[in-house]
Amino acid sequence: MTQSLHAGSAGSAAGKNTRSFTTIVAATAALGGLLFGYDTGVISGALLFLKDAFGLSTAMEGMVTSAVLAGAAVAAIFGGWLADRFGRRPVMLALALLFVAGALLSATAPGVEVLIVARVLIGVCIGVVSFVAPLYIAELAPPERRGALVSLNQLAITIGILVSYVVDTVFAHSGAWRWMLGLGAVPGLVLAWGMLVLPESPRWLIKRGHRDEARAVLLRAREQGAGIDREIAEIQEDLALERGAPGWKAFRAPAMRWPLMIGIGLAILQQITGINTVIYYAPTIFQSAGFHSALAAILATAGVGVVNVLLTIVALRIIDRAGRRALLLTGTAGMAVSLLVFAVGFAYGGALPGFRWIAILSVMAYVGFFAIGLGPIFWLLISEIFPLGVRGRAMGVATVANWGFNLLVALTFLQLLQAFGPGTTFLIYSGLSVAGWIFAFYLVPETRGHSLEQIERFWIERRPIREWASDR
Ligand code: BGC
């Protein structure tokens, strides 16, 4: 692959080669997203059998489920530091190997204690890979394709969730939970191999003073060789502007205030608008809406998974033309309306025969709107808005908030459902989606087409976000 990339001499052939090179790099790193989706999704099916195998109490069941979320929330804190200190690639490689170890350990666990340790380990990996993969892709991608390339990671998350449903269903007859958990080793191995042969992020290389290596990587990743020296000069200029406040101290710089607020705000909003209640509890929700057979529940779950994948593909195709704001605002507005329809339906029409169809359609619409908006856009924006010097750490901070609130919603959802019923519970998520829309409308800038360095300059110059879109 490398040789053919270098050999491409004619303009268009070289263009195609660089395009496929960046796509291959992004798709390989996105295997981290696949593991994220698979490992968070697979446990619901495996639990049914784990309960019998280990005689789990309800409390233990909760621990096995939330071990991943807790591990992820804690690990994201130090994962960012590691990525800034040692580079994106070694961290991704180490994660891939740990993923394999975690999958094998959980598949061979002799008792519930080992299983919980393995799940925490997998959680640690998911927490770090969830932001290091988009970070690595964003730093290699050309600005005009960055949205689609980074969002390949979100697409992989949705595919991972769908595959976990399928695997759970296939092994459900035999109750082979060890296979369900162990299969996660396969994408882990491919990711490890990919990280051995793929290059380090050119931006991280420049930050560490390896200009020539960075230049060699950019030559493979850019169609216009002529712009490479300018790109390197801009990265160096931005780094010079950041000097003086290394490490965590940089967080106190005024230019960090807005990006941090936006990153953490979107992280929280992505979770408190309830997406994972549907991703993980769709069968419970559909049962409460009147679908009682087990098959109907499984089909409903598969439907949610498929809608999530398909609409993420739509987002990917338009994200670099329509822009981040348009998708985010449309997506959050759509989420608020679909949740409202679902909630009102429950309050006033729960007993009507046609209600269950309204319920299923509104939940599907809700997932679809998440998939074109908050789903991909959160991970994309946090890979774009932070300065290079502390990008890993800052993304880590936003990611901690994301996993922390994911855990909070997971822990409170069933209680809310019991105390208030589905109508009121989803009305709350609808209200929070409205809050998300207002937040996005007033605070989120348009990053489409800008280089990461331009974005950094905009913060330093305190450019009003209204002017970002026109300033290209
Ligand atoms: C979120 C996950 C969610 C997934 C669903 C991701 O962007 O961070 O919490 O399960 O999307 O597709």
# chains A, B, ... in the order shown; residues from 1 in each chain; ligands from 1
>>> residues_around(residues="segment 64-68 of chain A", least_positions_apart="2", cutoff="6 Å", atoms="only C-alpha atoms", output="short mmCIF file (atom, residue, chain, number, x, y, z; two decimals) with C-alpha atoms, in the first residue's frame")
data_model
loop_
_atom_site.label_atom_id
_atom_site.label_comp_id
_atom_site.auth_asym_id
_atom_site.auth_seq_id
_atom_site.Cartn_x
_atom_site.Cartn_y
_atom_site.Cartn_z
CA GLU A 61 -25.97 -7.91 37.66
CA GLY A 62 -25.86 -4.13 37.96
CA ALA A 70 -17.32 3.15 35.45
CA GLY A 71 -13.99 1.95 33.97
CA ILE A 116 -15.94 -7.92 36.68
CA ARG A 119 -15.22 -5.81 32.22
CA VAL A 120 -13.49 -2.94 34.05
CA GLY A 123 -14.25 -0.25 30.13
#
>>> closest_atom_pairs(of="chain A", to="ligand 1", cutoff="7 Å", atoms="only C-alpha atoms and all ligand atoms", output="CSV")
residue,atom,partner,partner_atom_place_in_ligand_line,distance
A:Gly37,CA,ligand 1,10 (O),6.9
A:Gln154,CA,ligand 1,7 (O),5.9
A:Ile157,CA,ligand 1,12 (O),6.0
A:Thr158,CA,ligand 1,12 (O),4.7
A:Gln270,CA,ligand 1,8 (O),6.9
A:Gln271,CA,ligand 1,9 (O),6.4
A:Ile275,CA,ligand 1,3 (C),6.4
A:Asn276,CA,ligand 1,10 (O),5.3
A:Ile279,CA,ligand 1,10 (O),6.3
A:Asn308,CA,ligand 1,12 (O),6.3
A:Ala371,CA,ligand 1,12 (O),6.6
A:Gly375,CA,ligand 1,7 (O),4.1
A:Pro376,CA,ligand 1,7 (O),5.8
A:Trp379,CA,ligand 1,7 (O),6.8
A:Asn402,CA,ligand 1,8 (O),7.0
A:Asn406,CA,ligand 1,9 (O),6.4
>>> write_last_selection(atoms="all heavy atoms", output="short mmCIF file (atom, residue, chain, number, x, y, z; two decimals), in the first residue's frame")
data_model
loop_
_atom_site.label_atom_id
_atom_site.label_comp_id
_atom_site.auth_asym_id
_atom_site.auth_seq_id
_atom_site.Cartn_x
_atom_site.Cartn_y
_atom_site.Cartn_z
N GLY A 37 -18.80 0.07 20.50
CA GLY A 37 -20.20 -0.29 20.30
C GLY A 37 -20.46 -1.75 20.69
O GLY A 37 -21.41 -2.05 21.40
N GLN A 154 -18.04 7.10 14.60
CA GLN A 154 -19.41 6.96 15.12
C GLN A 154 -20.17 5.88 14.34
O GLN A 154 -20.92 5.11 14.92
CB GLN A 154 -20.15 8.31 15.03
CG GLN A 154 -21.63 8.26 15.38
CD GLN A 154 -21.90 8.01 16.87
OE1 GLN A 154 -21.01 8.14 17.69
NE2 GLN A 154 -23.11 7.63 17.20
N ILE A 157 -19.24 2.71 15.77
CA ILE A 157 -19.91 2.47 17.06
C ILE A 157 -21.29 1.85 16.81
O ILE A 157 -21.66 0.84 17.41
CB ILE A 157 -20.08 3.79 17.86
CG1 ILE A 157 -18.73 4.40 18.22
CG2 ILE A 157 -20.93 3.54 19.13
CD1 ILE A 157 -18.81 5.76 18.90
N THR A 158 -22.03 2.47 15.87
CA THR A 158 -23.39 1.98 15.61
C THR A 158 -23.36 0.57 15.02
O THR A 158 -24.19 -0.26 15.35
CB THR A 158 -24.17 2.93 14.67
OG1 THR A 158 -23.50 2.99 13.41
CG2 THR A 158 -24.29 4.32 15.24
N GLN A 270 -25.32 14.94 25.19
CA GLN A 270 -25.43 13.72 24.38
C GLN A 270 -26.02 12.57 25.20
O GLN A 270 -26.73 11.72 24.68
CB GLN A 270 -24.05 13.31 23.83
CG GLN A 270 -24.18 12.38 22.64
CD GLN A 270 -23.00 11.45 22.44
OE1 GLN A 270 -22.38 11.00 23.39
NE2 GLN A 270 -22.69 11.15 21.18
N GLN A 271 -25.75 12.58 26.51
CA GLN A 271 -26.24 11.49 27.35
C GLN A 271 -27.57 11.78 28.03
O GLN A 271 -28.44 10.92 28.08
CB GLN A 271 -25.17 11.14 28.40
CG GLN A 271 -23.89 10.58 27.80
CD GLN A 271 -24.12 9.31 26.99
OE1 GLN A 271 -24.98 8.50 27.31
NE2 GLN A 271 -23.35 9.14 25.91
N ILE A 275 -30.30 8.79 24.96
CA ILE A 275 -30.11 7.83 23.87
C ILE A 275 -29.90 6.41 24.37
O ILE A 275 -30.44 5.45 23.82
CB ILE A 275 -28.94 8.25 22.93
CG1 ILE A 275 -28.87 7.32 21.72
CG2 ILE A 275 -27.59 8.28 23.63
CD1 ILE A 275 -30.07 7.33 20.84
N ASN A 276 -29.10 6.26 25.44
CA ASN A 276 -28.79 4.88 25.84
C ASN A 276 -29.93 4.16 26.54
O ASN A 276 -29.90 2.94 26.66
CB ASN A 276 -27.49 4.85 26.64
CG ASN A 276 -26.31 5.07 25.71
OD1 ASN A 276 -26.27 4.50 24.61
ND2 ASN A 276 -25.40 5.94 26.09
N ILE A 279 -31.04 2.55 23.42
CA ILE A 279 -30.07 1.58 22.90
C ILE A 279 -30.04 0.33 23.78
O ILE A 279 -29.98 -0.79 23.29
CB ILE A 279 -28.65 2.22 22.84
CG1 ILE A 279 -28.64 3.44 21.92
CG2 ILE A 279 -27.59 1.20 22.44
CD1 ILE A 279 -28.70 3.15 20.45
N ASN A 308 -30.15 3.37 13.44
CA ASN A 308 -28.97 4.09 13.94
C ASN A 308 -27.83 4.05 12.92
O ASN A 308 -27.22 5.08 12.61
CB ASN A 308 -28.56 3.43 15.27
CG ASN A 308 -27.69 4.33 16.13
OD1 ASN A 308 -27.49 5.51 15.81
ND2 ASN A 308 -27.17 3.80 17.21
N ALA A 371 -28.82 10.06 15.40
CA ALA A 371 -27.76 9.58 14.51
C ALA A 371 -27.28 10.62 13.51
O ALA A 371 -26.14 10.57 13.07
CB ALA A 371 -28.23 8.32 13.77
N GLY A 375 -25.16 12.38 17.94
CA GLY A 375 -24.30 11.18 17.92
C GLY A 375 -22.93 11.50 17.34
O GLY A 375 -21.93 11.57 18.05
N PRO A 376 -22.88 11.72 16.01
CA PRO A 376 -21.56 11.98 15.42
C PRO A 376 -20.99 13.36 15.78
O PRO A 376 -19.79 13.51 15.95
CB PRO A 376 -21.81 11.90 13.91
CG PRO A 376 -23.28 12.08 13.73
CD PRO A 376 -23.93 11.59 14.99
N TRP A 379 -18.67 13.83 19.06
CA TRP A 379 -17.30 13.29 18.97
C TRP A 379 -16.48 14.07 17.96
O TRP A 379 -15.27 14.27 18.13
CB TRP A 379 -17.31 11.81 18.63
CG TRP A 379 -17.93 10.97 19.71
CD1 TRP A 379 -19.14 10.32 19.66
CD2 TRP A 379 -17.40 10.69 21.02
NE1 TRP A 379 -19.38 9.66 20.85
CE2 TRP A 379 -18.33 9.87 21.70
CE3 TRP A 379 -16.22 11.07 21.69
CZ2 TRP A 379 -18.12 9.41 23.01
CZ3 TRP A 379 -16.02 10.60 22.99
CH2 TRP A 379 -16.96 9.79 23.64
N ASN A 402 -18.92 12.66 29.45
CA ASN A 402 -19.82 11.83 28.64
C ASN A 402 -20.08 10.49 29.32
O ASN A 402 -21.23 10.08 29.49
CB ASN A 402 -19.20 11.64 27.25
CG ASN A 402 -20.16 11.00 26.26
OD1 ASN A 402 -20.13 9.81 26.05
ND2 ASN A 402 -21.04 11.80 25.68
N ASN A 406 -23.42 9.07 31.12
CA ASN A 406 -23.95 7.81 30.58
C ASN A 406 -24.30 6.88 31.76
O ASN A 406 -25.39 6.32 31.84
CB ASN A 406 -22.86 7.17 29.69
CG ASN A 406 -23.34 5.96 28.92
OD1 ASN A 406 -24.29 5.31 29.32
ND2 ASN A 406 -22.69 5.66 27.81
#
>>> select_by_dssp(residues="segment 202-310 of chain A", states="helix (DSSP H, G or I)", output="PyMOL selection string")
chain A and resi 202-207+211-221+225-242+247-252+254-272+275-288+294-310
>>> closest_atom_pairs(of="segment 33-136 of chain A", to="segment 192-216 of chain A", cutoff="8 Å", atoms="only C-alpha atoms", output="Markdown table")
| residue | atom | partner | partner_atom | distance |
| --- | --- | --- | --- | --- |
| A:Asp84 | CA | A:Trp204 | CA | 7.7 |
| A:Gly87 | CA | A:Trp204 | CA | 6.4 |
| A:Arg88 | CA | A:Glu200 | CA | 6.6 |
| A:Arg89 | CA | A:Glu200 | CA | 5.4 |
| A:Pro90 | CA | A:Met195 | CA | 7.7 |
| A:Met92 | CA | A:Met195 | CA | 6.8 |
| A:Leu93 | CA | A:Ala192 | CA | 5.3 |
| A:Ala94 | CA | A:Ala192 | CA | 7.8 |
| A:Ala96 | CA | A:Ala192 | CA | 5.1 |
| A:Leu97 | CA | A:Ala192 | CA | 6.3 |
| A:Tyr136 | CA | A:Ser201 | CA | 6.1 |
>>> closest_residue(among="A:Thr332, A:Ser20, A:Ser383, A:Ser130", to="Glu456 of chain A", atoms="only C-alpha atoms")
A:Ser383
>>> residues_around(residues="segment 143-149 of chain A", least_positions_apart="2", cutoff="7 Å", atoms="only C-alpha atoms", output="list in words")
Thr23, Ala26, Ile137, Ala138, Ala141, Ser151, Leu152, Leu316, Arg317, Ile319, Asp320, Leu380, Gly449, His450 and Ser451 of chain A
>>> write_last_selection(atoms="N, CA and C atoms", output="PDB file, in the first residue's frame")
ATOM      1  N   THR A  23      -8.645   7.364   4.007  1.00  0.00           N
ATOM      2  CA  THR A  23      -9.814   6.547   4.342  1.00  0.00           C
ATOM      3  C   THR A  23      -9.397   5.278   5.075  1.00  0.00           C
ATOM      4  N   ALA A  26      -8.437   6.151   8.622  1.00  0.00           N
ATOM      5  CA  ALA A  26      -9.617   6.465   9.445  1.00  0.00           C
ATOM      6  C   ALA A  26     -10.422   5.202   9.737  1.00  0.00           C
ATOM      7  N   ILE A 137      -7.806  10.508  14.034  1.00  0.00           N
ATOM      8  CA  ILE A 137      -8.319  10.700  12.663  1.00  0.00           C
ATOM      9  C   ILE A 137      -8.345  12.186  12.316  1.00  0.00           C
ATOM     10  N   ALA A 138      -8.844  13.008  13.250  1.00  0.00           N
ATOM     11  CA  ALA A 138      -8.979  14.450  12.960  1.00  0.00           C
ATOM     12  C   ALA A 138      -7.624  15.075  12.649  1.00  0.00           C
ATOM     13  N   ALA A 141      -6.704  14.028   8.991  1.00  0.00           N
ATOM     14  CA  ALA A 141      -7.643  14.274   7.890  1.00  0.00           C
ATOM     15  C   ALA A 141      -7.464  15.658   7.277  1.00  0.00           C
ATOM     16  N   SER A 151     -16.268  10.928  11.548  1.00  0.00           N
ATOM     17  CA  SER A 151     -17.557  10.308  11.881  1.00  0.00           C
ATOM     18  C   SER A 151     -17.616   8.833  11.489  1.00  0.00           C
ATOM     19  N   LEU A 152     -16.607   8.373  10.727  1.00  0.00           N
ATOM     20  CA  LEU A 152     -16.521   6.923  10.487  1.00  0.00           C
ATOM     21  C   LEU A 152     -16.467   6.197  11.821  1.00  0.00           C
ATOM     22  N   LEU A 316     -22.854  11.124   7.611  1.00  0.00           N
ATOM     23  CA  LEU A 316     -21.492  11.096   7.082  1.00  0.00           C
ATOM     24  C   LEU A 316     -21.411  11.698   5.682  1.00  0.00           C
ATOM     25  N   ARG A 317     -22.439  11.403   4.900  1.00  0.00           N
ATOM     26  CA  ARG A 317     -22.416  11.857   3.509  1.00  0.00           C
ATOM     27  C   ARG A 317     -22.615  13.359   3.394  1.00  0.00           C
ATOM     28  N   ILE A 319     -22.174  15.716   6.110  1.00  0.00           N
ATOM     29  CA  ILE A 319     -21.632  16.521   7.210  1.00  0.00           C
ATOM     30  C   ILE A 319     -20.649  17.598   6.748  1.00  0.00           C
ATOM     31  N   ASP A 320     -19.859  17.307   5.691  1.00  0.00           N
ATOM     32  CA  ASP A 320     -18.878  18.301   5.268  1.00  0.00           C
ATOM     33  C   ASP A 320     -19.466  19.334   4.310  1.00  0.00           C
ATOM     34  N   LEU A 380     -17.139  14.532  16.890  1.00  0.00           N
ATOM     35  CA  LEU A 380     -16.412  15.306  15.884  1.00  0.00           C
ATOM     36  C   LEU A 380     -15.963  16.656  16.457  1.00  0.00           C
ATOM     37  N   GLY A 449     -14.793  22.907   7.164  1.00  0.00           N
ATOM     38  CA  GLY A 449     -13.833  23.472   6.216  1.00  0.00           C
ATOM     39  C   GLY A 449     -12.641  24.185   6.840  1.00  0.00           C
ATOM     40  N   HIS A 450     -12.697  24.493   8.125  1.00  0.00           N
ATOM     41  CA  HIS A 450     -11.553  25.177   8.748  1.00  0.00           C
ATOM     42  C   HIS A 450     -10.485  24.164   9.138  1.00  0.00           C
ATOM     43  N   SER A 451      -9.214  24.605   9.053  1.00  0.00           N
ATOM     44  CA  SER A 451      -8.174  23.707   9.559  1.00  0.00           C
ATOM     45  C   SER A 451      -8.204  23.782  11.085  1.00  0.00           C
TER      46      SER A 451
END
>>> residues_around(residues="Val166 of chain A", least_positions_apart="2", cutoff="10 Å", atoms="only C-alpha atoms", output="list in words")
Val42, Gly45, Gly160, Ile161, Leu162, Val163, Ser164, Asp168, Thr169, Val170, Phe171, Ala172, Met180, Ile298, Ala302 and Gly305 of chain A
>>> residues_around(residues="Arg466 of chain A", least_positions_apart="2", cutoff="9 Å", atoms="only C-alpha atoms", output="list in words")
Tyr442, Pro445, Glu446, Arg463, Pro464, Trp468, Ala469 and Ser470 of chain A
>>> closest_atom_pairs(of="segment 238-288 of chain A", to="segment 410-417 of chain A", cutoff="9 Å", atoms="only C-alpha atoms", output="CSV")
residue,atom,partner,partner_atom,distance
A:Gly274,CA,A:Phe413,CA,8.6
A:Asn276,CA,A:Ala410,CA,7.4
A:Thr277,CA,A:Phe413,CA,6.8
A:Tyr280,CA,A:Ala410,CA,8.8
>>> write_last_selection(atoms="N, CA, C and O atoms", output="CSV table (one decimal), in the first residue's frame")
chain,number,residue,atom,x,y,z
A,274,GLY,N,-31.0,11.0,26.7
A,274,GLY,CA,-31.6,9.6,26.9
A,274,GLY,C,-31.3,8.6,25.8
A,274,GLY,O,-31.9,7.5,25.9
A,276,ASN,N,-29.1,6.3,25.4
A,276,ASN,CA,-28.8,4.9,25.8
A,276,ASN,C,-29.9,4.2,26.5
A,276,ASN,O,-29.9,2.9,26.7
A,277,THR,N,-30.9,4.9,27.0
A,277,THR,CA,-32.1,4.2,27.5
A,277,THR,C,-32.7,3.4,26.4
A,277,THR,O,-33.2,2.3,26.6
A,280,TYR,N,-30.1,0.5,25.1
A,280,TYR,CA,-29.9,-0.7,26.0
A,280,TYR,C,-31.3,-1.3,26.5
A,280,TYR,O,-31.3,-2.4,26.9
>>> atom_distance(atom1="atom CA of Glu242 of chain A", atom2="atom CA of Pro387 of chain A")
8.0 Å
>>> residues_around(residues="Leu98 of chain A", least_positions_apart="5", cutoff="12 Å", atoms="only C-alpha atoms", output="PyMOL selection string")
chain A and resi 32+35+91-93+103-105+118-126+128-129+184-185+187-189+191-192
>>> residues_around(residues="Ile372 of chain A", least_positions_apart="6", cutoff="9 Å", atoms="only C-alpha atoms", output="list in words")
Asn308, Leu311, Thr312, Ile313, Val314, Ala315, Leu316, Ile319, Leu327, Leu328, Thr330 and Gly331 of chain A
>>> write_last_selection(atoms="C-alpha atoms", output="mmCIF file, in the first residue's frame")
data_model
loop_
_atom_site.group_PDB
_atom_site.id
_atom_site.type_symbol
_atom_site.label_atom_id
_atom_site.label_comp_id
_atom_site.auth_asym_id
_atom_site.auth_seq_id
_atom_site.Cartn_x
_atom_site.Cartn_y
_atom_site.Cartn_z
ATOM 1 C CA ASN A 308 -28.973 4.088 13.943
ATOM 2 C CA LEU A 311 -28.936 7.538 9.521
ATOM 3 C CA THR A 312 -25.312 7.760 10.619
ATOM 4 C CA ILE A 313 -24.373 6.958 7.014
ATOM 5 C CA VAL A 314 -26.628 9.820 5.884
ATOM 6 C CA ALA A 315 -24.895 12.148 8.352
ATOM 7 C CA LEU A 316 -21.492 11.096 7.082
ATOM 8 C CA ILE A 319 -21.632 16.521 7.210
ATOM 9 C CA LEU A 327 -27.034 18.746 11.553
ATOM 10 C CA LEU A 328 -26.817 19.373 15.272
ATOM 11 C CA THR A 330 -31.941 19.600 13.055
ATOM 12 C CA GLY A 331 -31.032 16.494 15.012
#
>>> decode(residues="segment 392-416 of chain A", atoms="N, CA, C and O atoms", output="PDB file, in the first residue's frame")
ATOM      1  N   GLY A 392      -5.407  16.098  23.679  1.00  0.00           N
ATOM      2  CA  GLY A 392      -5.721  14.799  24.282  1.00  0.00           C
ATOM      3  C   GLY A 392      -6.367  14.988  25.648  1.00  0.00           C
ATOM      4  O   GLY A 392      -7.435  14.450  25.938  1.00  0.00           O
ATOM      5  N   ARG A 393      -5.712  15.780  26.487  1.00  0.00           N
ATOM      6  CA  ARG A 393      -6.238  15.995  27.840  1.00  0.00           C
ATOM      7  C   ARG A 393      -7.632  16.608  27.831  1.00  0.00           C
ATOM      8  O   ARG A 393      -8.517  16.201  28.573  1.00  0.00           O
ATOM      9  N   ALA A 394      -7.809  17.622  26.964  1.00  0.00           N
ATOM     10  CA  ALA A 394      -9.103  18.317  26.944  1.00  0.00           C
ATOM     11  C   ALA A 394     -10.206  17.390  26.435  1.00  0.00           C
ATOM     12  O   ALA A 394     -11.312  17.361  26.981  1.00  0.00           O
ATOM     13  N   MET A 395      -9.879  16.598  25.406  1.00  0.00           N
ATOM     14  CA  MET A 395     -10.889  15.637  24.925  1.00  0.00           C
ATOM     15  C   MET A 395     -11.193  14.625  26.026  1.00  0.00           C
ATOM     16  O   MET A 395     -12.325  14.182  26.189  1.00  0.00           O
ATOM     17  N   GLY A 396     -10.152  14.269  26.780  1.00  0.00           N
ATOM     18  CA  GLY A 396     -10.346  13.330  27.888  1.00  0.00           C
ATOM     19  C   GLY A 396     -11.337  13.890  28.904  1.00  0.00           C
ATOM     20  O   GLY A 396     -12.222  13.176  29.381  1.00  0.00           O
ATOM     21  N   VAL A 397     -11.200  15.178  29.209  1.00  0.00           N
ATOM     22  CA  VAL A 397     -12.096  15.799  30.194  1.00  0.00           C
ATOM     23  C   VAL A 397     -13.552  15.739  29.698  1.00  0.00           C
ATOM     24  O   VAL A 397     -14.471  15.353  30.438  1.00  0.00           O
ATOM     25  N   ALA A 398     -13.758  16.118  28.428  1.00  0.00           N
ATOM     26  CA  ALA A 398     -15.125  16.066  27.879  1.00  0.00           C
ATOM     27  C   ALA A 398     -15.638  14.621  27.894  1.00  0.00           C
ATOM     28  O   ALA A 398     -16.815  14.362  28.187  1.00  0.00           O
ATOM     29  N   THR A 399     -14.733  13.681  27.609  1.00  0.00           N
ATOM     30  CA  THR A 399     -15.145  12.273  27.556  1.00  0.00           C
ATOM     31  C   THR A 399     -15.518  11.735  28.944  1.00  0.00           C
ATOM     32  O   THR A 399     -16.444  10.939  29.079  1.00  0.00           O
ATOM     33  N   VAL A 400     -14.800  12.192  29.966  1.00  0.00           N
ATOM     34  CA  VAL A 400     -15.159  11.791  31.333  1.00  0.00           C
ATOM     35  C   VAL A 400     -16.605  12.198  31.610  1.00  0.00           C
ATOM     36  O   VAL A 400     -17.410  11.425  32.144  1.00  0.00           O
ATOM     37  N   ALA A 401     -16.928  13.443  31.218  1.00  0.00           N
ATOM     38  CA  ALA A 401     -18.305  13.916  31.442  1.00  0.00           C
ATOM     39  C   ALA A 401     -19.290  13.034  30.685  1.00  0.00           C
ATOM     40  O   ALA A 401     -20.349  12.657  31.204  1.00  0.00           O
ATOM     41  N   ASN A 402     -18.921  12.661  29.453  1.00  0.00           N
ATOM     42  CA  ASN A 402     -19.821  11.833  28.642  1.00  0.00           C
ATOM     43  C   ASN A 402     -20.081  10.488  29.317  1.00  0.00           C
ATOM     44  O   ASN A 402     -21.225  10.076  29.488  1.00  0.00           O
ATOM     45  N   TRP A 403     -19.028   9.803  29.736  1.00  0.00           N
ATOM     46  CA  TRP A 403     -19.211   8.474  30.349  1.00  0.00           C
ATOM     47  C   TRP A 403     -19.846   8.587  31.734  1.00  0.00           C
ATOM     48  O   TRP A 403     -20.629   7.738  32.137  1.00  0.00           O
ATOM     49  N   GLY A 404     -19.485   9.650  32.459  1.00  0.00           N
ATOM     50  CA  GLY A 404     -20.079   9.846  33.786  1.00  0.00           C
ATOM     51  C   GLY A 404     -21.593   9.994  33.677  1.00  0.00           C
ATOM     52  O   GLY A 404     -22.358   9.373  34.420  1.00  0.00           O
ATOM     53  N   PHE A 405     -22.035  10.794  32.714  1.00  0.00           N
ATOM     54  CA  PHE A 405     -23.484  10.997  32.571  1.00  0.00           C
ATOM     55  C   PHE A 405     -24.166   9.790  31.921  1.00  0.00           C
ATOM     56  O   PHE A 405     -25.333   9.533  32.173  1.00  0.00           O
ATOM     57  N   ASN A 406     -23.422   9.069  31.119  1.00  0.00           N
ATOM     58  CA  ASN A 406     -23.949   7.808  30.584  1.00  0.00           C
ATOM     59  C   ASN A 406     -24.298   6.881  31.759  1.00  0.00           C
ATOM     60  O   ASN A 406     -25.394   6.322  31.839  1.00  0.00           O
ATOM     61  N   LEU A 407     -23.361   6.798  32.706  1.00  0.00           N
ATOM     62  CA  LEU A 407     -23.570   5.954  33.887  1.00  0.00           C
ATOM     63  C   LEU A 407     -24.754   6.454  34.707  1.00  0.00           C
ATOM     64  O   LEU A 407     -25.612   5.676  35.132  1.00  0.00           O
ATOM     65  N   LEU A 408     -24.794   7.767  34.886  1.00  0.00           N
ATOM     66  CA  LEU A 408     -25.885   8.351  35.690  1.00  0.00           C
ATOM     67  C   LEU A 408     -27.258   8.027  35.082  1.00  0.00           C
ATOM     68  O   LEU A 408     -28.184   7.616  35.784  1.00  0.00           O
ATOM     69  N   VAL A 409     -27.364   8.187  33.761  1.00  0.00           N
ATOM     70  CA  VAL A 409     -28.642   7.901  33.106  1.00  0.00           C
ATOM     71  C   VAL A 409     -28.966   6.410  33.228  1.00  0.00           C
ATOM     72  O   VAL A 409     -30.101   6.027  33.537  1.00  0.00           O
ATOM     73  N   ALA A 410     -27.943   5.566  33.052  1.00  0.00           N
ATOM     74  CA  ALA A 410     -28.179   4.114  33.158  1.00  0.00           C
ATOM     75  C   ALA A 410     -28.669   3.755  34.562  1.00  0.00           C
ATOM     76  O   ALA A 410     -29.538   2.904  34.724  1.00  0.00           O
ATOM     77  N   LEU A 411     -28.106   4.420  35.567  1.00  0.00           N
ATOM     78  CA  LEU A 411     -28.482   4.086  36.937  1.00  0.00           C
ATOM     79  C   LEU A 411     -29.856   4.623  37.326  1.00  0.00           C
ATOM     80  O   LEU A 411     -30.504   4.090  38.213  1.00  0.00           O
ATOM     81  N   THR A 412     -30.278   5.709  36.682  1.00  0.00           N
ATOM     82  CA  THR A 412     -31.540   6.335  37.114  1.00  0.00           C
ATOM     83  C   THR A 412     -32.738   5.965  36.242  1.00  0.00           C
ATOM     84  O   THR A 412     -33.879   6.127  36.665  1.00  0.00           O
ATOM     85  N   PHE A 413     -32.471   5.480  35.014  1.00  0.00           N
ATOM     86  CA  PHE A 413     -33.579   5.294  34.076  1.00  0.00           C
ATOM     87  C   PHE A 413     -34.670   4.357  34.608  1.00  0.00           C
ATOM     88  O   PHE A 413     -35.847   4.712  34.610  1.00  0.00           O
ATOM     89  N   LEU A 414     -34.266   3.177  35.085  1.00  0.00           N
ATOM     90  CA  LEU A 414     -35.297   2.223  35.505  1.00  0.00           C
ATOM     91  C   LEU A 414     -36.083   2.751  36.703  1.00  0.00           C
ATOM     92  O   LEU A 414     -37.299   2.542  36.801  1.00  0.00           O
ATOM     93  N   GLN A 415     -35.388   3.503  37.581  1.00  0.00           N
ATOM     94  CA  GLN A 415     -36.099   4.103  38.717  1.00  0.00           C
ATOM     95  C   GLN A 415     -37.109   5.141  38.253  1.00  0.00           C
ATOM     96  O   GLN A 415     -38.240   5.177  38.722  1.00  0.00           O
ATOM     97  N   LEU A 416     -36.659   5.982  37.299  1.00  0.00           N
ATOM     98  CA  LEU A 416     -37.578   6.999  36.757  1.00  0.00           C
ATOM     99  C   LEU A 416     -38.799   6.325  36.148  1.00  0.00           C
ATOM    100  O   LEU A 416     -39.942   6.747  36.350  1.00  0.00           O
TER     101      LEU A 416
END
